[in-house]
file input.txt (compact mmCIF, C-alpha atoms)
# COMPACT_ATOMS: atom_id res chain seq x y z
CA MET A 1 17.85 -19.89 39.01
CA CYS A 2 16.97 -18.71 42.50
CA GLY A 3 13.29 -18.63 41.61
CA SER A 4 12.95 -14.86 41.50
CA THR A 5 11.02 -13.36 38.60
CA ASN A 6 12.46 -9.90 39.07
CA LEU A 7 14.72 -9.34 36.05
CA ILE A 8 15.85 -5.85 35.10
CA LYS A 9 17.87 -4.92 32.02
CA GLU A 10 21.22 -3.35 32.93
CA ASP A 11 24.08 -2.55 30.52
CA GLY A 12 22.76 -4.82 27.77
CA VAL A 13 22.00 -7.87 29.96
CA PHE A 14 19.13 -8.91 32.22
CA VAL A 15 20.09 -9.13 35.90
CA CYS A 16 18.17 -11.05 38.55
CA GLN A 17 17.55 -8.56 41.35
CA ALA A 18 17.48 -11.34 43.96
CA CYS A 19 20.71 -13.25 43.28
CA GLY A 20 22.54 -11.13 40.72
CA THR A 21 22.62 -13.80 37.99
CA LYS A 22 23.07 -12.24 34.55
CA TYR A 23 21.26 -13.44 31.44
CA THR A 24 21.81 -12.49 27.82
CA GLU A 25 18.95 -10.92 25.92
CA GLU A 26 18.36 -14.16 24.03
CA ALA A 27 18.33 -16.25 27.19
CA SER A 28 16.00 -13.89 28.99
CA LYS A 29 13.71 -13.67 26.00
CA ARG A 30 13.57 -17.47 25.80
CA MET A 31 12.67 -17.70 29.49
CA MET A 32 9.90 -15.16 29.02
CA VAL A 33 8.41 -17.13 26.13
CA GLU A 34 8.72 -20.43 28.01
CA GLY A 35 7.16 -18.96 31.11
CA ALA A 36 10.18 -19.49 33.36
CA VAL A 37 9.98 -15.87 34.40
CA ASP A 38 7.21 -13.30 34.27
CA VAL A 39 9.15 -10.21 33.41
CA LYS A 40 6.01 -8.48 32.22
CA GLY A 41 4.48 -8.58 35.65
CA ASN A 42 7.49 -6.94 37.24
CA THR A 43 8.22 -4.32 34.61
CA THR A 44 4.73 -3.10 33.79
CA GLN A 45 5.63 0.50 34.49
CA LYS A 46 8.78 0.34 32.42
CA VAL A 47 6.87 -1.07 29.43
CA ALA A 48 4.19 1.62 29.88
CA ASP A 49 6.84 4.35 29.95
CA LEU A 50 8.59 3.01 26.87
CA LEU A 51 5.29 2.72 25.01
CA GLU A 52 4.39 6.29 25.92
CA SER A 53 7.81 7.41 24.65
CA ALA A 54 7.22 5.50 21.40
CA LYS A 55 3.86 7.19 20.88
CA ARG A 56 5.35 10.59 21.63
CA ALA A 57 8.15 9.95 19.15
CA MET A 58 5.57 8.87 16.58
CA ALA A 59 3.65 12.12 17.05
CA LEU A 60 6.92 14.03 16.50
CA GLU A 61 7.69 11.90 13.42
CA GLN A 62 10.90 10.60 15.02
CA TYR A 63 10.46 7.18 13.47
CA GLU A 64 13.91 5.80 14.24
CA ASN A 65 13.30 6.49 17.93
CA VAL A 66 9.93 4.77 17.69
CA GLY A 67 11.63 1.62 16.44
CA ASN A 68 14.23 1.74 19.20
CA TYR A 69 11.62 2.08 21.95
CA CYS A 70 9.55 -0.74 20.49
CA LYS A 71 12.53 -3.09 20.33
CA GLN A 72 13.20 -2.45 24.04
CA ILE A 73 9.58 -3.24 24.85
CA LEU A 74 9.63 -6.47 22.84
CA LEU A 75 12.73 -7.67 24.67
CA ILE A 76 10.84 -7.31 27.93
CA ASP A 77 7.42 -8.31 26.65
CA PRO A 78 7.62 -10.20 23.31
CA LEU A 79 3.82 -10.44 23.16
CA ASN A 80 3.13 -6.70 23.31
CA TRP A 81 1.02 -6.10 20.21
CA GLU A 82 1.29 -2.32 20.38
CA ALA A 83 5.08 -2.42 20.26
CA SER A 84 4.95 -4.91 17.41
CA PHE A 85 2.58 -2.71 15.44
CA TYR A 86 4.37 0.59 16.07
CA ASP A 87 7.67 -1.00 15.07
CA ALA A 88 6.26 -1.98 11.64
CA TYR A 89 4.18 1.19 11.30
CA SER A 90 7.14 3.48 11.97
CA LYS A 91 9.10 1.79 9.18
CA LEU A 92 6.17 2.30 6.83
CA MET A 93 5.85 5.96 7.79
CA ASP A 94 9.59 6.57 7.49
CA ALA A 95 10.15 4.83 4.14
CA GLU A 96 10.70 6.87 1.00
CA ILE A 97 8.51 5.58 -1.80
CA ASP A 98 11.66 4.84 -3.83
CA SER A 99 12.89 2.37 -1.20
CA LEU A 100 9.50 1.05 -0.12
CA PRO A 101 9.76 -2.20 -2.14
CA GLU A 102 12.77 -3.24 -0.04
CA THR A 103 10.77 -3.01 3.20
CA VAL A 104 7.69 -4.96 2.03
CA PRO A 105 8.69 -8.39 3.43
CA TYR A 106 9.56 -7.03 6.89
CA ILE A 107 6.45 -4.85 7.18
CA VAL A 108 4.08 -7.57 5.94
CA LYS A 109 5.58 -10.11 8.33
CA SER A 110 5.49 -7.69 11.28
CA LEU A 111 1.87 -6.69 10.66
CA ARG A 112 0.86 -10.35 10.42
CA SER A 113 2.63 -11.03 13.72
CA THR A 114 0.81 -8.05 15.26
CA LEU A 115 -2.58 -9.41 14.22
CA LYS A 116 -1.80 -12.86 15.59
CA THR A 117 -0.74 -11.31 18.91
CA ILE A 118 -3.96 -9.27 19.06
CA LYS A 119 -5.92 -12.46 18.43
CA ASN A 120 -4.17 -14.24 21.30
CA GLN A 121 -3.79 -11.39 23.80
CA VAL A 122 -6.76 -9.05 23.40
CA PRO A 123 -10.18 -10.09 24.75
CA GLU A 124 -12.53 -11.12 21.95
CA GLU A 125 -15.01 -8.35 22.72
CA GLU A 126 -12.26 -5.73 22.30
CA ALA A 127 -10.38 -7.27 19.37
CA ARG A 128 -12.53 -5.84 16.57
CA SER A 129 -12.14 -2.28 17.86
CA VAL A 130 -8.36 -2.72 18.11
CA VAL A 131 -8.09 -4.21 14.61
CA MET A 132 -10.28 -1.43 13.22
CA ASP A 133 -8.02 1.23 14.74
CA VAL A 134 -4.90 -0.44 13.35
CA SER A 135 -6.56 -0.82 9.95
CA GLN A 136 -7.49 2.84 9.75
CA ARG A 137 -3.87 3.78 10.30
CA ILE A 138 -2.76 1.48 7.48
CA ILE A 139 -5.47 2.78 5.13
CA GLN A 140 -4.62 6.42 5.87
CA THR A 141 -0.90 5.86 5.41
CA SER A 142 -1.45 3.93 2.19
CA SER A 143 -3.64 6.74 0.88
CA ARG A 144 -1.06 9.38 1.83
CA ILE A 145 1.77 7.55 0.05
CA GLU A 146 -0.40 6.97 -3.03
CA GLU A 147 -1.40 10.65 -3.19
CA SER A 148 2.21 11.73 -2.83
CA ALA A 149 3.29 9.45 -5.69
CA ASN A 150 0.47 10.60 -7.96
CA ASP A 151 1.25 14.22 -7.16
CA PHE A 152 4.81 13.59 -8.35
CA ILE A 153 3.50 12.13 -11.60
CA LYS A 154 0.91 14.86 -12.25
CA HIS A 155 3.51 17.61 -11.94
CA ALA A 156 6.05 15.84 -14.10
CA LYS A 157 6.65 16.84 -17.67
CA THR A 158 5.22 15.00 -20.63
CA GLY A 159 7.77 12.43 -21.75
CA LEU A 160 8.87 11.83 -18.18
CA MET A 161 10.37 8.42 -19.01
CA HIS A 162 13.09 10.07 -21.11
CA ASP A 163 13.88 13.03 -18.91
CA ASP A 164 17.21 12.61 -17.11
CA ASN A 165 15.95 14.86 -14.32
CA ASN A 166 13.10 12.47 -13.56
CA LYS A 167 14.74 9.09 -13.23
CA ARG A 168 12.59 8.44 -10.17
CA PHE A 169 9.63 7.54 -12.37
CA PRO A 170 10.09 3.73 -12.43
CA ARG A 171 10.95 3.71 -8.71
CA VAL A 172 7.78 5.63 -7.91
CA VAL A 173 5.79 3.09 -9.93
CA ASP A 174 7.43 0.24 -7.98
CA GLY A 175 6.67 2.10 -4.75
CA LEU A 176 2.99 2.38 -5.64
CA ASN A 177 2.81 -1.35 -6.22
CA ALA A 178 4.73 -1.93 -2.96
CA ILE A 179 2.34 0.06 -0.74
CA SER A 180 -0.56 -1.71 -2.46
CA SER A 181 1.05 -5.08 -1.75
CA ILE A 182 1.41 -4.21 1.94
CA THR A 183 -2.19 -3.00 2.21
CA LEU A 184 -3.69 -5.93 0.31
CA SER A 185 -1.66 -8.48 2.32
CA PHE A 186 -2.81 -6.81 5.53
CA GLY A 187 -6.43 -7.25 4.44
CA ASP A 188 -5.76 -10.90 3.60
CA ASP A 189 -4.27 -11.50 7.05
CA ILE A 190 -7.25 -9.91 8.80
CA MET A 191 -9.56 -12.17 6.83
CA ASP A 192 -7.50 -15.27 7.65
CA ILE A 193 -7.06 -14.47 11.34
CA PHE A 194 -10.30 -12.71 12.28
CA GLY A 195 -12.72 -13.11 9.36
CA TYR A 196 -13.82 -9.46 9.48
CA SER A 197 -14.99 -9.42 5.86
CA ASP A 198 -16.48 -5.91 5.86
CA LEU A 199 -13.26 -4.47 7.24
CA CYS A 200 -11.16 -6.41 4.71
CA SER A 201 -13.30 -5.04 1.89
CA GLU A 202 -12.42 -1.44 2.83
CA ILE A 203 -8.73 -2.29 3.11
CA TRP A 204 -8.71 -4.02 -0.29
CA LYS A 205 -10.49 -1.06 -1.89
CA GLN A 206 -7.65 1.18 -0.76
CA GLY A 207 -5.02 -1.38 -1.72
CA ILE A 208 -6.04 -1.72 -5.37
CA LYS A 209 -5.94 2.04 -5.95
CA GLY A 210 -2.18 2.10 -6.27
CA LEU A 211 -1.80 -0.97 -8.48
CA THR A 212 -0.40 -0.03 -11.87
CA ASN A 213 -1.29 -1.62 -15.17
CA SER A 214 1.38 -4.31 -14.80
CA LYS A 215 -0.72 -5.63 -11.90
CA ARG A 216 -4.04 -5.81 -13.74
CA ASP A 217 -4.54 -9.51 -12.97
CA GLU A 218 -3.95 -8.95 -9.26
CA LYS A 219 -6.31 -5.98 -9.28
CA GLN A 220 -9.00 -8.04 -10.96
CA LYS A 221 -8.56 -10.78 -8.35
CA TYR A 222 -9.16 -8.35 -5.49
CA ILE A 223 -12.07 -6.69 -7.25
CA ALA A 224 -13.71 -10.13 -7.38
CA LYS A 225 -13.05 -10.57 -3.63
CA ILE A 226 -14.59 -7.18 -2.88
CA LYS A 227 -17.67 -7.88 -5.00
CA ARG A 228 -18.34 -11.09 -3.06
CA ILE A 229 -18.61 -8.93 0.05
CA ASP A 230 -20.00 -5.75 -1.52
CA PRO A 231 -21.98 -6.67 -4.69
CA ASP A 232 -22.71 -2.99 -5.42
CA TYR A 233 -19.03 -2.07 -5.61
CA VAL A 234 -18.08 -0.44 -8.93
CA SER A 235 -14.42 -0.80 -9.86
CA SER A 236 -12.31 1.55 -11.92
CA MET A 237 -10.38 -1.00 -13.95
CA SER A 238 -8.94 1.20 -16.64
CA GLY A 239 -7.55 0.46 -20.01
CA CYS A 240 -7.83 2.19 -23.37
CA TYR A 241 -10.53 -0.19 -24.54
CA VAL A 242 -11.39 1.39 -27.90
CA ALA A 243 -7.78 2.23 -28.76
CA THR A 244 -6.65 -1.26 -27.78
CA ALA A 245 -9.35 -2.84 -29.94
CA VAL A 246 -8.42 -0.60 -32.88
CA TYR A 247 -4.64 -1.07 -32.70
CA GLY A 248 -4.67 -4.64 -31.45
CA SER A 249 -2.48 -4.04 -28.38
CA TYR A 250 -2.49 -2.08 -25.14
CA ASP A 251 1.27 -1.58 -25.55
CA CYS A 252 1.99 0.00 -28.91
CA PRO A 253 3.21 3.51 -29.86
CA GLU A 254 -0.25 4.89 -30.69
CA VAL A 255 -1.82 3.68 -27.46
CA TRP A 256 1.21 4.86 -25.45
CA THR A 257 0.58 8.35 -26.85
CA LEU A 258 -3.11 8.24 -25.94
CA ARG A 259 -2.44 6.90 -22.44
CA ARG A 260 0.18 9.58 -21.83
CA TYR A 261 -2.27 12.24 -23.01
CA ARG A 262 -4.92 10.82 -20.68
CA ASP A 263 -2.69 10.97 -17.58
CA SER A 264 -0.71 14.15 -18.28
CA VAL A 265 -3.46 16.35 -19.80
CA LEU A 266 -7.01 15.07 -19.34
CA ALA A 267 -6.58 13.87 -15.77
CA ARG A 268 -5.46 17.33 -14.66
CA CYS A 269 -8.76 19.13 -15.19
CA TYR A 270 -12.34 18.51 -14.08
CA PHE A 271 -13.88 18.05 -17.53
CA GLY A 272 -10.98 15.83 -18.57
CA ARG A 273 -11.54 13.57 -15.58
CA LEU A 274 -15.28 13.53 -16.33
CA PHE A 275 -14.53 12.46 -19.91
CA ILE A 276 -12.22 9.69 -18.66
CA LYS A 277 -14.92 8.39 -16.33
CA LEU A 278 -17.55 8.38 -19.09
CA TYR A 279 -15.10 6.75 -21.48
CA TYR A 280 -14.43 3.86 -19.10
CA ASP A 281 -18.15 3.48 -18.43
CA ILE A 282 -19.12 3.36 -22.09
CA SER A 283 -16.16 2.01 -24.08
CA PRO A 284 -16.29 -1.63 -22.86
CA LYS A 285 -19.89 -1.85 -24.13
CA LEU A 286 -18.95 -0.27 -27.48
CA VAL A 287 -16.06 -2.69 -27.94
CA SER A 288 -18.23 -5.70 -27.10
CA VAL A 289 -20.78 -4.64 -29.74
CA PHE A 290 -18.61 -3.20 -32.54
CA GLY A 291 -15.14 -4.56 -31.79
CA ASP A 292 -15.36 -7.31 -34.44
CA ASN A 293 -16.75 -5.07 -37.16
CA THR A 294 -13.72 -4.44 -39.40
CA ARG A 295 -15.40 -1.58 -41.26
CA ILE A 296 -16.17 0.37 -38.10
CA VAL A 297 -12.71 -0.40 -36.70
CA SER A 298 -11.13 0.93 -39.92
CA VAL A 299 -13.10 4.19 -39.74
CA VAL A 300 -12.28 4.71 -36.07
CA ARG A 301 -8.60 3.95 -36.69
CA LYS A 302 -8.32 6.66 -39.34
CA ARG A 303 -9.75 9.21 -36.93
CA LEU A 304 -7.52 8.02 -34.12
CA ASP A 305 -4.46 8.13 -36.38
CA ARG A 306 -5.12 11.80 -37.13
CA PHE A 307 -5.64 12.57 -33.45
CA VAL A 308 -2.48 10.68 -32.42
CA ASN A 309 -0.45 12.56 -35.07
CA HIS A 310 -1.86 15.83 -33.71
CA LEU A 311 -0.83 14.88 -30.17
CA ARG A 312 2.68 13.96 -31.30
CA ALA A 313 3.02 17.26 -33.15
CA ASN A 314 2.19 18.97 -29.85
CA GLY A 315 4.82 17.12 -27.84
CA ILE A 316 3.02 14.01 -26.56
CA GLU A 317 5.54 11.21 -26.99
CA SER A 318 4.95 7.70 -28.32
CA SER A 319 7.65 6.06 -26.18
CA PRO A 320 6.85 3.14 -23.79
CA TYR A 321 4.60 4.27 -20.96
CA ILE A 322 3.50 2.88 -17.59
CA ASP A 323 0.05 3.84 -16.30
CA ILE A 324 -0.18 5.31 -12.83
CA ASN A 325 -3.84 5.71 -11.95
CA CYS A 326 -5.18 2.43 -13.26

call {"tool": "encode", "arguments": {"input": "input.txt", "output": "structure tokens"}}
result
Amino acid sequence: MCGSTNLIKEDGVFVCQACGTKYTEEASKRMMVEGAVDVKGNTTQKVADLLESAKRAMALEQYENVGNYCKQILLIDPLNWEASFYDAYSKLMDAEIDSLPETVPYIVKSLRSTLKTIKNQVPEEEARSVVMDVSQRIIQTSSRIEESANDFIKHAKTGLMHDDNNKRFPRVVDGLNAISSITLSFGDDIMDIFGYSDLCSEIWKQGIKGLTNSKRDEKQKYIAKIKRIDPDYVSSMSGCYVATAVYGSYDCPEVWTLRRYRDSVLARCYFGRLFIKLYYDISPKLVSVFGDNTRIVSVVRKRLDRFVNHLRANGIESSPYIDINC
């Protein structure tokens, strides 16, 4: 090397403007990391222009362009936290919920890398504000994806699992769990790297909203984490408590019918949602008091059997069902 730090990218390689020596992207990137050259100091304007282009593309929802701009920035300045974040964020914004599970590892890893870079590059007095801004974007995007998925479910027909025109159902469920996984992992990383417990609590609260019933144990784990930070937090862990106690299983034809009725009929109107809320507030206490009383269970079962038969007669299926809002 001639000692110059003035490297400019030309035709896919980095060229020393003093002596003309050409370096591959990998070689130049390695020199930047090792401190052999300070490309950042000589290309500040170029990085600023690329970052502005990335933000403009983001505003226009041109997510592929966002990723391309960010990759150019990271070749010049591997420690640019904004480029690292926008690269991951654009993939999250651009992903269809059906394919979201495939992107989880990359997005989680990129967001973790972003937080570590913020920790190392942003002054301590500014770091919390930066992390809060990034967190709000993740929370808002997670909420948007969750609402979109639930909207799909609410407008689907009863018996969706067996409708050939709605084969997206299981993929939407997987997508809900995927966006929750990304959000919850992001909260974990903030806690590990920065220790901002109050901020993590808000992120976890959003993250558990999309977890389906197959993730009940994980949801319970995060509810416990939240309660350690916010003791007044009231969770919405759902489950057909009375029906499960009566029929002996959360996954049986009768309870599938009742759960499907809850999500496809009751949850669509105000009074139905009010009933659901009251049910989940009261039923755990009823089960704890009367759940072992075989006589009461027998009486309740007879009434539930009649109601379930009525629902089936009116088109509510008893086929296997996966909860959405649980």

call {"tool": "atom_distance", "arguments": {"input": "input.txt", "atom1": "CA of Arg301 in chain A", "atom2": "CA of Lys215 in chain A"}}
result
27.7 Å

call {"tool": "residues_near_point", "arguments": {"input": "input.txt", "point": "(-2.5, 0.6, -1.9)", "cutoff": "12 Å", "atoms": "only C-alpha atoms", "output": "ChimeraX atom specification"}}
result
/A:138-147,149,173-187,202-212,215,219,222,325-326

call {"tool": "closest_residue", "arguments": {"input": "input.txt", "among": "A:Asp133, A:Glu125, A:Glu317, A:Asp94", "to": "Glu82 in chain A", "atoms": "all atoms listed in the file"}}
result
A:Asp133

call {"tool": "atom_distance", "arguments": {"input": "input.txt", "atom1": "CA of Gly315 in chain A", "atom2": "CA of Asn150 in chain A"}}
result
21.4 Å

call {"tool": "closest_residue", "arguments": {"input": "input.txt", "among": "A:Val246, A:Arg56, A:Leu51, A:Trp256", "to": "Lys71 in chain A", "atoms": "all atoms listed in the file"}}
result
A:Leu51

call {"tool": "atom_distance", "arguments": {"input": "input.txt", "atom1": "CA of Phe85 in chain A", "atom2": "CA of Thr24 in chain A"}}
result
24.9 Å

call {"tool": "axis_aligned_box", "arguments": {"input": "input.txt", "around": "range 172-176 of chain A", "padding_each_side": "4 Å", "output": "lines of an AutoDock Vina configuration file"}}
result
center_x = 5.4
center_y = 2.9
center_z = -7.3
size_x = 12.8
size_y = 13.4
size_z = 13.2

call {"tool": "closest_residue", "arguments": {"input": "input.txt", "among": "A:Arg260, A:Arg273, A:Lys221, A:Lys119", "to": "Ile316 in chain A", "atoms": "only C-alpha atoms"}}
result
A:Arg260

call {"tool": "decode", "arguments": {"input": "input.txt", "residues": "range 58-114 of chain A", "atoms": "C-alpha atoms", "output": "tab-separated table (two decimals), in the first residue's frame"}}
result
chain	number	residue	atom	x	y	z
A	58	MET	CA	-38.27	3.27	2.30
A	59	ALA	CA	-40.82	6.10	2.25
A	60	LEU	CA	-41.82	5.00	-1.27
A	61	GLU	CA	-42.03	1.37	-0.12
A	62	GLN	CA	-39.32	0.35	-2.61
A	63	TYR	CA	-37.88	-2.19	-0.22
A	64	GLU	CA	-35.58	-3.98	-2.66
A	65	ASN	CA	-33.89	-0.66	-3.41
A	66	VAL	CA	-33.54	0.00	0.31
A	67	GLY	CA	-31.61	-3.24	0.70
A	68	ASN	CA	-29.37	-2.44	-2.25
A	69	TYR	CA	-28.47	1.01	-0.91
A	70	CYS	CA	-27.78	-0.38	2.55
A	71	LYS	CA	-25.46	-3.07	1.20
A	72	GLN	CA	-23.44	-0.39	-0.62
A	73	ILE	CA	-23.16	1.60	2.61
A	74	LEU	CA	-22.04	-1.43	4.61
A	75	LEU	CA	-19.29	-2.17	2.11
A	76	ILE	CA	-17.92	1.30	2.71
A	77	ASP	CA	-18.77	1.57	6.39
A	78	PRO	CA	-19.44	-1.87	7.97
A	79	LEU	CA	-20.22	-0.23	11.32
A	80	ASN	CA	-23.05	1.99	10.08
A	81	TRP	CA	-25.94	1.04	12.35
A	82	GLU	CA	-28.57	2.83	10.28
A	83	ALA	CA	-27.71	0.85	7.17
A	84	SER	CA	-27.69	-2.37	9.19
A	85	PHE	CA	-31.11	-1.60	10.63
A	86	TYR	CA	-32.75	-0.45	7.40
A	87	ASP	CA	-31.46	-3.55	5.62
A	88	ALA	CA	-33.22	-5.83	8.15
A	89	TYR	CA	-36.25	-3.55	8.48
A	90	SER	CA	-36.84	-3.43	4.72
A	91	LYS	CA	-36.92	-7.23	4.59
A	92	LEU	CA	-39.45	-7.27	7.41
A	93	MET	CA	-41.62	-4.68	5.69
A	94	ASP	CA	-41.41	-6.44	2.33
A	95	ALA	CA	-42.12	-9.98	3.53
A	96	GLU	CA	-45.49	-11.58	2.90
A	97	ILE	CA	-46.81	-13.17	6.06
A	98	ASP	CA	-46.83	-16.55	4.29
A	99	SER	CA	-43.05	-16.40	3.75
A	100	LEU	CA	-42.17	-14.57	6.96
A	101	PRO	CA	-40.98	-17.72	8.81
A	102	GLU	CA	-38.19	-18.16	6.24
A	103	THR	CA	-36.77	-14.70	6.99
A	104	VAL	CA	-36.77	-14.97	10.80
A	105	PRO	CA	-33.12	-16.08	11.25
A	106	TYR	CA	-31.74	-13.32	8.99
A	107	ILE	CA	-33.88	-10.55	10.50
A	108	VAL	CA	-33.19	-11.59	14.10
A	109	LYS	CA	-29.45	-11.78	13.45
A	110	SER	CA	-29.40	-8.43	11.62
A	111	LEU	CA	-31.36	-6.64	14.34
A	112	ARG	CA	-29.04	-8.05	17.00
A	113	SER	CA	-26.04	-6.83	14.99
A	114	THR	CA	-27.68	-3.39	14.72
